[in-house]
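input26.pdb (PDB, C-alpha atoms)
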```
MODEL        1
ATOM      1  CA  MET A 251       5.955  20.765   4.206  1.00  0.00           C
ATOM      2  CA  ASN A 252       9.687  21.527   4.283  1.00  0.00           C
ATOM      3  CA  ASN A 253      10.657  24.786   5.939  1.00  0.00           C
ATOM      4  CA  ALA A 254      13.634  25.270   3.599  1.00  0.00           C
ATOM      5  CA  TRP A 255      13.083  27.701   0.725  1.00  0.00           C
ATOM      6  CA  PRO A 256      13.308  27.013  -2.085  1.00  0.00           C
ATOM      7  CA  PRO A 257      12.425  23.352  -1.439  1.00  0.00           C
ATOM      8  CA  ARG A 258      14.955  20.700  -2.451  1.00  0.00           C
ATOM      9  CA  ARG A 259      13.897  18.813  -5.562  1.00  0.00           C
ATOM     10  CA  HIS A 260      14.531  15.195  -6.500  1.00  0.00           C
ATOM     11  CA  PRO A 261      17.452  15.155  -8.974  1.00  0.00           C
ATOM     12  CA  GLU A 262      15.729  12.593 -11.230  1.00  0.00           C
ATOM     13  CA  ASN A 263      12.219  14.063 -11.048  1.00  0.00           C
ATOM     14  CA  ARG A 264      11.961  17.796 -10.459  1.00  0.00           C
ATOM     15  CA  ASN A 265       8.260  17.521  -9.655  1.00  0.00           C
ATOM     16  CA  LEU A 266       9.112  15.751  -6.391  1.00  0.00           C
ATOM     17  CA  VAL A 267      10.041  17.640  -3.216  1.00  0.00           C
ATOM     18  CA  LEU A 268      12.459  16.111  -0.710  1.00  0.00           C
ATOM     19  CA  HIS A 269      11.672  15.954   3.001  1.00  0.00           C
ATOM     20  CA  GLU A 270      14.427  15.600   5.595  1.00  0.00           C
ATOM     21  CA  GLY A 271      12.796  16.577   8.899  1.00  0.00           C
ATOM     22  CA  PRO A 272      11.760  14.168  11.693  1.00  0.00           C
ATOM     23  CA  GLU A 273       8.061  15.022  11.272  1.00  0.00           C
ATOM     24  CA  PHE A 274       5.522  15.678   8.550  1.00  0.00           C
ATOM     25  CA  HIS A 275       2.434  17.682   9.493  1.00  0.00           C
ATOM     26  CA  GLY A 276       3.276  16.986  13.131  1.00  0.00           C
ATOM     27  CA  MET A 277       3.590  13.204  12.653  1.00  0.00           C
ATOM     28  CA  PRO A 278       6.877  11.315  13.064  1.00  0.00           C
ATOM     29  CA  VAL A 279       8.409   9.765   9.944  1.00  0.00           C
ATOM     30  CA  GLN A 280      11.191   7.277   9.338  1.00  0.00           C
ATOM     31  CA  GLN A 281      14.577   8.796   8.616  1.00  0.00           C
ATOM     32  CA  GLN A 282      16.860   5.752   8.776  1.00  0.00           C
ATOM     33  CA  LYS A 283      17.096   5.394   4.977  1.00  0.00           C
ATOM     34  CA  GLY A 284      17.725   9.040   4.144  1.00  0.00           C
ATOM     35  CA  PRO A 285      15.450  11.719   2.672  1.00  0.00           C
ATOM     36  CA  LEU A 286      11.795  11.080   1.907  1.00  0.00           C
ATOM     37  CA  ILE A 287       9.523  12.373  -0.848  1.00  0.00           C
ATOM     38  CA  GLU A 288       7.044  14.934   0.412  1.00  0.00           C
ATOM     39  CA  ASN A 289       4.521  14.400  -2.393  1.00  0.00           C
ATOM     40  CA  TYR A 290       4.169  10.746  -1.387  1.00  0.00           C
ATOM     41  CA  LEU A 291       3.873  11.548   2.330  1.00  0.00           C
ATOM     42  CA  ASP A 292       1.025  13.908   1.528  1.00  0.00           C
ATOM     43  CA  ARG A 293      -0.711  11.259  -0.556  1.00  0.00           C
ATOM     44  CA  ILE A 294      -0.453   8.629   2.208  1.00  0.00           C
ATOM     45  CA  GLU A 295      -1.936  11.033   4.732  1.00  0.00           C
ATOM     46  CA  LYS A 296      -4.881  11.774   2.444  1.00  0.00           C
ATOM     47  CA  VAL A 297      -5.574   8.096   1.678  1.00  0.00           C
ATOM     48  CA  ILE A 298      -5.753   7.303   5.410  1.00  0.00           C
ATOM     49  CA  GLU A 299      -7.982  10.336   6.010  1.00  0.00           C
ATOM     50  CA  THR A 300     -10.285   9.307   3.145  1.00  0.00           C
ATOM     51  CA  SER A 301     -10.654   5.781   4.538  1.00  0.00           C
ATOM     52  CA  LEU A 302     -11.577   7.162   7.965  1.00  0.00           C
ATOM     53  CA  LEU A 303     -14.140   9.476   6.389  1.00  0.00           C
ATOM     54  CA  CYS A 304     -15.768   6.428   4.781  1.00  0.00           C
ATOM     55  CA  HIS A 305     -15.579   4.133   7.825  1.00  0.00           C
ATOM     56  CA  PRO A 306     -15.385   4.917  11.568  1.00  0.00           C
ATOM     57  CA  ARG A 307     -13.061   1.935  11.993  1.00  0.00           C
ATOM     58  CA  VAL A 308     -10.368   0.993   9.468  1.00  0.00           C
ATOM     59  CA  ALA A 309      -8.052  -2.011   9.157  1.00  0.00           C
ATOM     60  CA  ALA A 310      -4.785  -1.361   7.307  1.00  0.00           C
ATOM     61  CA  MET A 311      -2.809  -4.379   6.044  1.00  0.00           C
ATOM     62  CA  ARG A 312       0.886  -4.344   5.019  1.00  0.00           C
ATOM     63  CA  PHE A 313       2.263  -6.764   2.447  1.00  0.00           C
ATOM     64  CA  ASP A 314       4.926  -7.033  -0.233  1.00  0.00           C
ATOM     65  CA  LEU A 315       4.691  -8.288  -3.810  1.00  0.00           C
ATOM     66  CA  ARG A 316       7.518  -9.913  -5.771  1.00  0.00           C
ATOM     67  CA  LEU A 317       8.031 -11.409  -9.205  1.00  0.00           C
ATOM     68  CA  PRO A 318       8.756 -15.095  -9.844  1.00  0.00           C
ATOM     69  CA  GLN A 319      12.404 -15.952 -10.398  1.00  0.00           C
ATOM     70  CA  GLY A 320      13.317 -15.328 -14.003  1.00  0.00           C
ATOM     71  CA  MET A 321      10.327 -13.063 -14.748  1.00  0.00           C
ATOM     72  CA  GLN A 322      10.958  -9.461 -15.697  1.00  0.00           C
ATOM     73  CA  ALA A 323       8.402  -6.770 -14.950  1.00  0.00           C
ATOM     74  CA  PRO A 324       5.951  -6.907 -17.880  1.00  0.00           C
ATOM     75  CA  GLY A 325       6.038  -3.578 -19.695  1.00  0.00           C
ATOM     76  CA  ASP A 326       7.668  -0.247 -18.976  1.00  0.00           C
ATOM     77  CA  ASP A 327       4.518   1.183 -17.420  1.00  0.00           C
ATOM     78  CA  ASN A 328       2.083   0.771 -14.528  1.00  0.00           C
ATOM     79  CA  ARG A 329      -0.275  -1.828 -15.992  1.00  0.00           C
ATOM     80  CA  LEU A 330       0.821  -4.592 -13.624  1.00  0.00           C
ATOM     81  CA  MET A 331      -0.084  -2.586 -10.519  1.00  0.00           C
ATOM     82  CA  THR A 332      -3.329  -1.410 -12.085  1.00  0.00           C
ATOM     83  CA  ALA A 333      -4.266  -4.999 -12.934  1.00  0.00           C
ATOM     84  CA  PHE A 334      -3.425  -6.230  -9.429  1.00  0.00           C
ATOM     85  CA  TRP A 335      -5.526  -3.657  -7.594  1.00  0.00           C
ATOM     86  CA  GLU A 336      -8.476  -4.064  -9.970  1.00  0.00           C
ATOM     87  CA  ARG A 337      -8.433  -7.832  -9.462  1.00  0.00           C
ATOM     88  CA  LEU A 338      -8.168  -7.454  -5.691  1.00  0.00           C
ATOM     89  CA  LYS A 339     -11.081  -5.004  -5.631  1.00  0.00           C
ATOM     90  CA  ASP A 340     -13.137  -7.465  -7.701  1.00  0.00           C
ATOM     91  CA  ARG A 341     -12.422 -10.248  -5.188  1.00  0.00           C
ATOM     92  CA  ILE A 342     -13.350  -8.046  -2.248  1.00  0.00           C
ATOM     93  CA  GLU A 343     -16.586  -6.940  -3.944  1.00  0.00           C
ATOM     94  CA  HIS A 344     -17.432 -10.570  -4.686  1.00  0.00           C
ATOM     95  CA  ASP A 345     -16.835 -11.503  -1.059  1.00  0.00           C
ATOM     96  CA  ARG A 346     -19.023  -8.649   0.188  1.00  0.00           C
ATOM     97  CA  ALA A 347     -21.818  -9.754  -2.173  1.00  0.00           C
ATOM     98  CA  ARG A 348     -21.523 -13.299  -0.790  1.00  0.00           C
ATOM     99  CA  ALA A 349     -21.632 -11.946   2.766  1.00  0.00           C
ATOM    100  CA  ARG A 350     -24.783  -9.931   2.048  1.00  0.00           C
ATOM    101  CA  LYS A 351     -26.536 -13.043   0.736  1.00  0.00           C
ATOM    102  CA  GLN A 352     -25.810 -14.728   4.056  1.00  0.00           C
ATOM    103  CA  LEU A 353     -26.589 -11.684   6.229  1.00  0.00           C
ATOM    104  CA  ASP A 354     -28.529  -8.631   5.098  1.00  0.00           C
ATOM    105  CA  MET A 355     -26.648  -6.391   7.528  1.00  0.00           C
ATOM    106  CA  ALA A 356     -23.177  -7.479   6.379  1.00  0.00           C
ATOM    107  CA  HIS A 357     -20.792  -4.536   6.263  1.00  0.00           C
ATOM    108  CA  ASP A 358     -19.572  -3.150   2.959  1.00  0.00           C
ATOM    109  CA  THR A 359     -16.163  -1.585   2.407  1.00  0.00           C
ATOM    110  CA  THR A 360     -14.273   0.830   0.261  1.00  0.00           C
ATOM    111  CA  VAL A 361     -10.805  -0.226  -0.931  1.00  0.00           C
ATOM    112  CA  GLY A 362      -8.031   2.231  -0.165  1.00  0.00           C
ATOM    113  CA  TYR A 363      -4.407   1.502  -0.925  1.00  0.00           C
ATOM    114  CA  VAL A 364      -0.895   2.855  -1.367  1.00  0.00           C
ATOM    115  CA  TRP A 365       2.094   1.184  -3.001  1.00  0.00           C
ATOM    116  CA  ALA A 366       5.737   1.895  -3.739  1.00  0.00           C
ATOM    117  CA  ARG A 367       7.850   0.286  -6.435  1.00  0.00           C
ATOM    118  CA  GLU A 368      11.467  -0.308  -5.422  1.00  0.00           C
ATOM    119  CA  TYR A 369      14.474  -2.201  -6.772  1.00  0.00           C
ATOM    120  CA  ASP A 370      17.065  -4.596  -5.415  1.00  0.00           C
ATOM    121  CA  GLU A 371      20.606  -3.420  -4.780  1.00  0.00           C
ATOM    122  CA  ALA A 372      21.641  -4.246  -8.343  1.00  0.00           C
ATOM    123  CA  GLY A 373      18.785  -2.079  -9.596  1.00  0.00           C
ATOM    124  CA  ASN A 374      17.414  -4.777 -11.884  1.00  0.00           C
ATOM    125  CA  ARG A 375      14.443  -6.460 -10.192  1.00  0.00           C
ATOM    126  CA  PRO A 376      11.487  -4.520  -8.859  1.00  0.00           C
ATOM    127  CA  HIS A 377       9.350  -5.359  -5.853  1.00  0.00           C
ATOM    128  CA  TRP A 378       6.364  -3.541  -4.394  1.00  0.00           C
ATOM    129  CA  HIS A 379       5.547  -2.441  -0.849  1.00  0.00           C
ATOM    130  CA  CYS A 380       1.777  -2.226  -0.391  1.00  0.00           C
ATOM    131  CA  ALA A 381      -0.863  -1.274   2.159  1.00  0.00           C
ATOM    132  CA  LEU A 382      -4.568  -2.053   1.874  1.00  0.00           C
ATOM    133  CA  LEU A 383      -7.134  -0.055   3.878  1.00  0.00           C
ATOM    134  CA  VAL A 384     -10.633  -1.485   4.394  1.00  0.00           C
ATOM    135  CA  ASN A 385     -13.590  -1.290   6.752  1.00  0.00           C
ATOM    136  CA  LYS A 386     -12.545  -2.978  10.022  1.00  0.00           C
ATOM    137  CA  ASP A 387     -16.169  -4.072  10.558  1.00  0.00           C
ATOM    138  CA  ALA A 388     -15.888  -6.095   7.345  1.00  0.00           C
ATOM    139  CA  TYR A 389     -12.272  -7.326   7.623  1.00  0.00           C
ATOM    140  CA  TYR A 390     -10.430  -7.499  10.922  1.00  0.00           C
ATOM    141  CA  GLY A 391      -7.127  -9.027   9.788  1.00  0.00           C
ATOM    142  CA  ILE A 392      -5.151 -10.325   6.835  1.00  0.00           C
ATOM    143  CA  GLY A 393      -5.171 -14.048   7.737  1.00  0.00           C
ATOM    144  CA  ARG A 394      -2.670 -16.746   6.798  1.00  0.00           C
ATOM    145  CA  LEU A 395      -2.093 -18.197   3.360  1.00  0.00           C
ATOM    146  CA  TRP A 396      -2.187 -21.792   4.625  1.00  0.00           C
ATOM    147  CA  SER A 397      -5.485 -21.345   6.491  1.00  0.00           C
ATOM    148  CA  ASP A 398      -8.459 -23.493   5.483  1.00  0.00           C
ATOM    149  CA  GLN A 399     -10.628 -20.357   5.586  1.00  0.00           C
ATOM    150  CA  GLN A 400     -10.892 -17.691   2.913  1.00  0.00           C
ATOM    151  CA  ASN A 401      -9.086 -14.545   4.010  1.00  0.00           C
ATOM    152  CA  MET A 402      -7.472 -11.371   2.682  1.00  0.00           C
ATOM    153  CA  HIS A 403      -4.030 -12.949   2.285  1.00  0.00           C
ATOM    154  CA  LYS A 404      -5.514 -15.526  -0.097  1.00  0.00           C
ATOM    155  CA  ARG A 405      -7.351 -12.828  -2.047  1.00  0.00           C
ATOM    156  CA  ILE A 406      -4.164 -10.778  -2.364  1.00  0.00           C
ATOM    157  CA  THR A 407      -2.211 -13.820  -3.575  1.00  0.00           C
ATOM    158  CA  ALA A 408      -4.909 -14.789  -6.082  1.00  0.00           C
ATOM    159  CA  ALA A 409      -5.120 -11.218  -7.411  1.00  0.00           C
ATOM    160  CA  TRP A 410      -1.328 -11.012  -7.813  1.00  0.00           C
ATOM    161  CA  CYS A 411      -1.136 -14.360  -9.611  1.00  0.00           C
ATOM    162  CA  SER A 412      -3.965 -13.314 -11.903  1.00  0.00           C
ATOM    163  CA  ALA A 413      -2.232 -10.012 -12.716  1.00  0.00           C
ATOM    164  CA  LEU A 414       1.005 -11.902 -13.483  1.00  0.00           C
ATOM    165  CA  GLY A 415      -0.792 -14.548 -15.554  1.00  0.00           C
ATOM    166  CA  ILE A 416       0.491 -17.464 -13.441  1.00  0.00           C
ATOM    167  CA  THR A 417      -1.190 -20.189 -11.390  1.00  0.00           C
ATOM    168  CA  LEU A 418      -1.656 -20.096  -7.636  1.00  0.00           C
ATOM    169  CA  GLU A 419       0.891 -22.893  -7.312  1.00  0.00           C
ATOM    170  CA  GLN A 420       3.458 -20.857  -9.242  1.00  0.00           C
ATOM    171  CA  GLY A 421       2.721 -17.797  -7.140  1.00  0.00           C
ATOM    172  CA  GLN A 422       3.109 -19.241  -3.649  1.00  0.00           C
ATOM    173  CA  GLY A 423       5.196 -16.893  -1.512  1.00  0.00           C
ATOM    174  CA  LEU A 424       5.186 -13.994  -3.968  1.00  0.00           C
ATOM    175  CA  ALA A 425       2.612 -12.033  -1.926  1.00  0.00           C
ATOM    176  CA  GLU A 426       3.949 -11.885   1.605  1.00  0.00           C
ATOM    177  CA  ALA A 427       2.407 -10.342   4.693  1.00  0.00           C
ATOM    178  CA  THR A 428       5.078  -8.419   6.593  1.00  0.00           C
ATOM    179  CA  ASP A 429       5.806  -8.620  10.309  1.00  0.00           C
ATOM    180  CA  ASN A 430       3.030  -6.989  12.374  1.00  0.00           C
ATOM    181  CA  PRO A 431       1.000  -6.444   9.205  1.00  0.00           C
ATOM    182  CA  VAL A 432      -2.307  -5.127  10.596  1.00  0.00           C
ATOM    183  CA  TYR A 433      -3.131  -1.705  12.049  1.00  0.00           C
ATOM    184  CA  HIS A 434      -6.556  -0.758  13.432  1.00  0.00           C
ATOM    185  CA  LEU A 435      -7.637   2.878  13.283  1.00  0.00           C
ATOM    186  CA  HIS A 436     -10.630   4.599  14.882  1.00  0.00           C
ATOM    187  CA  ARG A 437     -12.063   7.861  13.583  1.00  0.00           C
ATOM    188  CA  HIS A 438     -12.586   9.309  17.047  1.00  0.00           C
ATOM    189  CA  SER A 439      -9.307   8.219  18.642  1.00  0.00           C
ATOM    190  CA  ASP A 440      -6.701  10.689  19.887  1.00  0.00           C
ATOM    191  CA  GLY A 441      -4.666  10.102  16.711  1.00  0.00           C
ATOM    192  CA  TRP A 442      -2.003   7.720  18.029  1.00  0.00           C
ATOM    193  CA  ASP A 443      -3.249   4.922  15.743  1.00  0.00           C
ATOM    194  CA  PHE A 444      -3.159   7.236  12.704  1.00  0.00           C
ATOM    195  CA  ASN A 445       0.363   8.361  13.611  1.00  0.00           C
ATOM    196  CA  ASN A 446       1.579   4.772  14.072  1.00  0.00           C
ATOM    197  CA  LEU A 447       0.327   3.738  10.635  1.00  0.00           C
ATOM    198  CA  PHE A 448       1.644   6.902   9.009  1.00  0.00           C
ATOM    199  CA  TYR A 449       5.078   6.296  10.521  1.00  0.00           C
ATOM    200  CA  ARG A 450       5.088   2.716   9.187  1.00  0.00           C
ATOM    201  CA  LEU A 451       4.031   3.783   5.695  1.00  0.00           C
ATOM    202  CA  SER A 452       6.467   6.707   5.550  1.00  0.00           C
ATOM    203  CA  TYR A 453       9.013   4.008   4.643  1.00  0.00           C
ATOM    204  CA  PHE A 454       7.284   3.847   1.233  1.00  0.00           C
ATOM    205  CA  THR A 455       8.382   7.417   0.506  1.00  0.00           C
ATOM    206  CA  LYS A 456      12.149   7.072   0.853  1.00  0.00           C
ATOM    207  CA  VAL A 457      14.216   8.225  -2.107  1.00  0.00           C
ATOM    208  CA  LYS A 458      16.581   5.276  -1.844  1.00  0.00           C
ATOM    209  CA  THR A 459      15.991   2.220  -4.112  1.00  0.00           C
ATOM    210  CA  LYS A 460      13.480   3.985  -6.389  1.00  0.00           C
ATOM    211  CA  ARG A 461      13.959   4.533 -10.100  1.00  0.00           C
ATOM    212  CA  TYR A 462      12.273   6.857 -12.575  1.00  0.00           C
ATOM    213  CA  HIS A 463      12.234   5.760 -16.193  1.00  0.00           C
ATOM    214  CA  GLY A 464       9.746   5.519 -19.004  1.00  0.00           C
ATOM    215  CA  ASN A 465       6.150   5.701 -17.812  1.00  0.00           C
ATOM    216  CA  VAL A 466       6.711   3.646 -14.648  1.00  0.00           C
ATOM    217  CA  ASN A 467       5.518   5.223 -11.420  1.00  0.00           C
ATOM    218  CA  ALA A 468       7.529   4.726  -8.249  1.00  0.00           C
ATOM    219  CA  PHE A 469       4.448   5.327  -6.096  1.00  0.00           C
ATOM    220  CA  GLY A 470       0.690   5.083  -6.436  1.00  0.00           C
ATOM    221  CA  SER A 471      -2.517   5.099  -4.453  1.00  0.00           C
ATOM    222  CA  SER A 472      -6.260   4.765  -4.620  1.00  0.00           C
ATOM    223  CA  SER A 473      -8.302   7.795  -5.627  1.00  0.00           C
ATOM    224  CA  LEU A 474      -9.296  10.246  -2.895  1.00  0.00           C
ATOM    225  CA  ARG A 475     -12.962  10.513  -3.867  1.00  0.00           C
TER     226      ARG A 475
ENDMDL
END
```
Structure encoded using structure tokens:
Amino acid sequence: MNNAWPPRRHPENRNLVLHEGPEFHGMPVQQQKGPLIENYLDRIEKVIETSLLCHPRVAAMRFDLRLPQGMQAPGDDNRLMTAFWERLKDRIEHDRARARKQLDMAHDTTVGYVWAREYDEAGNRPHWHCALLVNKDAYYGIGRLWSDQQNMHKRITAAWCSALGITLEQGQGLAEATDNPVYHLHRHSDGWDFNNLFYRLSYFTKVKTKRYHGNVNAFGSSSLR
């Protein structure tokens, strides 16, 4: 937590505490874009910890989601993100059921995630930075959209198109894996893999390019149960 007292609050949302130090709980964070939001850093740390409690090996996958040209975000709330993650979880559960039919010992997975809603420089069009955390023994990587094989990138794209109510053809390129999108974590490592992922995801918590209006959240995550 911040050492300053009283803590600095976000001017648009007084429930949020600003973080300006180079580390959070002993882990390095990104500072290039200005202050971060401590509440979100704490949530990211707990989501990663929860995934590692569920699975000794975790694969984390980074991707971005965008709207089609000309489409405005449907609704002044969080239903689009809720719909996307529910549809992605359904596709993952379906794939695990298929895998178990083929092999009794097929690995299951929980679905952990974090996301941040941000806006372009004009402040009009939102986009979403996302990270998915799953059992590495079930899913090693994200795959490529143009692959002949089913993979996580295709499931993400299909879930996003379904949430938007558009076809797969209309949604090509709207769900994009970022550079170096996959991180592998091990429960019993010395923590360098955890720190590397946390540093990457600390970008989600920057104050810059976020907006707070209506019932729209700027950040969300899976439950910690």
Counting all atoms listed in the file, note down every residue that has an atom within 12 Å of the point (11.4, -8.7, -12.3) (file coordinates), as a compact mmCIF listing (two decimals) with C-alpha atoms, keeping the file's coordinate frame.
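That gives us result_23.txt:
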```
# COMPACT_ATOMS: atom_id res chain seq x y z
CA LEU A 315 4.69 -8.29 -3.81
CA ARG A 316 7.52 -9.91 -5.77
CA LEU A 317 8.03 -11.41 -9.20
CA PRO A 318 8.76 -15.10 -9.84
CA GLN A 319 12.40 -15.95 -10.40
CA GLY A 320 13.32 -15.33 -14.00
CA MET A 321 10.33 -13.06 -14.75
CA GLN A 322 10.96 -9.46 -15.70
CA ALA A 323 8.40 -6.77 -14.95
CA PRO A 324 5.95 -6.91 -17.88
CA GLY A 325 6.04 -3.58 -19.70
CA ASP A 326 7.67 -0.25 -18.98
CA LEU A 330 0.82 -4.59 -13.62
CA ARG A 367 7.85 0.29 -6.44
CA GLU A 368 11.47 -0.31 -5.42
CA TYR A 369 14.47 -2.20 -6.77
CA ASP A 370 17.07 -4.60 -5.42
CA ALA A 372 21.64 -4.25 -8.34
CA GLY A 373 18.78 -2.08 -9.60
CA ASN A 374 17.41 -4.78 -11.88
CA ARG A 375 14.44 -6.46 -10.19
CA PRO A 376 11.49 -4.52 -8.86
CA HIS A 377 9.35 -5.36 -5.85
CA TRP A 378 6.36 -3.54 -4.39
CA LEU A 414 1.00 -11.90 -13.48
CA LEU A 424 5.19 -13.99 -3.97
```
Quick one: which residues end up in the PyMOL selection byres ((chain A and resi 387-389) around 10) for this structure, as a PDB file with C-alpha atoms, keeping the file's coordinate frame?
```pdb
ATOM      1  CA  HIS A 305     -15.579   4.133   7.825  1.00  0.00           C
ATOM      2  CA  PRO A 306     -15.385   4.917  11.568  1.00  0.00           C
ATOM      3  CA  ARG A 307     -13.061   1.935  11.993  1.00  0.00           C
ATOM      4  CA  VAL A 308     -10.368   0.993   9.468  1.00  0.00           C
ATOM      5  CA  ALA A 309      -8.052  -2.011   9.157  1.00  0.00           C
ATOM      6  CA  ALA A 310      -4.785  -1.361   7.307  1.00  0.00           C
ATOM      7  CA  ILE A 342     -13.350  -8.046  -2.248  1.00  0.00           C
ATOM      8  CA  ARG A 346     -19.023  -8.649   0.188  1.00  0.00           C
ATOM      9  CA  ALA A 349     -21.632 -11.946   2.766  1.00  0.00           C
ATOM     10  CA  ALA A 356     -23.177  -7.479   6.379  1.00  0.00           C
ATOM     11  CA  HIS A 357     -20.792  -4.536   6.263  1.00  0.00           C
ATOM     12  CA  ASP A 358     -19.572  -3.150   2.959  1.00  0.00           C
ATOM     13  CA  THR A 359     -16.163  -1.585   2.407  1.00  0.00           C
ATOM     14  CA  LEU A 383      -7.134  -0.055   3.878  1.00  0.00           C
ATOM     15  CA  VAL A 384     -10.633  -1.485   4.394  1.00  0.00           C
ATOM     16  CA  ASN A 385     -13.590  -1.290   6.752  1.00  0.00           C
ATOM     17  CA  LYS A 386     -12.545  -2.978  10.022  1.00  0.00           C
ATOM     18  CA  TYR A 390     -10.430  -7.499  10.922  1.00  0.00           C
ATOM     19  CA  GLY A 391      -7.127  -9.027   9.788  1.00  0.00           C
ATOM     20  CA  ILE A 392      -5.151 -10.325   6.835  1.00  0.00           C
ATOM     21  CA  GLY A 393      -5.171 -14.048   7.737  1.00  0.00           C
ATOM     22  CA  ASN A 401      -9.086 -14.545   4.010  1.00  0.00           C
ATOM     23  CA  MET A 402      -7.472 -11.371   2.682  1.00  0.00           C
TER      24      MET A 402
END
```
- Item | Residue members of the PyMOL selection byres ((chain A and resi 280-287) around 10) in the file shown, as a PyMOL selection string | chain A and resi 259-260+266-273+278-279+288-292+448-459
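Closest to Arg405 of chain A among A:Gly464, A:Glu343, A:Leu435, A:His379 is A:Glu343, based on only C-alpha atoms.
Interatomic distance, atom CA of Lys339 of chain A to atom CA of Cys304 of chain A: 16.2 Å.
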- Query: In Å, how far is it from atom CA of Leu353 of chain A to atom CA of Gln400 of chain A?
  - Reply: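 Value for the atom CA of Leu353 of chain A-atom CA of Gln400 of chain A distance: 17.1 Å.
With distances restricted to all atoms listed in the file, A:Arg312 is the closest residue to Ala427 of chain A from A:Arg337, A:Arg312, A:Arg350, A:Arg293.
By chain and then residue number, the residues within 8 Å of Leu418 of chain A are A:Thr407, A:Ala408, A:Cys411, A:Gln422, counting all atoms listed in the file and disregarding those fewer than 4 positions away in sequence.
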- Query: Do you have the atom CA of Glu426 of chain A-atom CA of Phe313 of chain A distance handy?
  - Reply: 5.5 Å
Around all the atoms of segment 422-430 of chain A listed in the file, with 4 Å of room on each side, what axis-aligned box do you get, giving centre and edge lengths in Å to one decimal, as AutoDock Vina command-line options?
```
--center_x 4.1 --center_y -13.1 --center_z 4.2 --size_x 11.4 --size_y 20.3 --size_z 24.3
```
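This file, queried with the PyMOL selection byres ((chain A and resi 437) around 6), gives the residues Leu302, Pro306, His436, His438 and Ser439 of chain A.
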- Query: With only C-alpha atoms as the atoms that count, which of A:Glu419, A:Cys380, A:Tyr462, A:Ser472 lies nearest to Asn265 of chain A?
  - Reply: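 Looking at the shortest contact to Asn265 of chain A, the residue is A:Tyr462.
For the choices A:His403, A:Asp398, A:Lys460, A:Met277, the atom-to-atom distance to Trp442 of chain A is smallest for A:Met277 when using only C-alpha atoms.
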- Pick out the closest residue to Trp335 of chain A from this set: A:Val432, A:Val297, A:Val361, A:Ala468. Count only C-alpha atoms. A:Val361
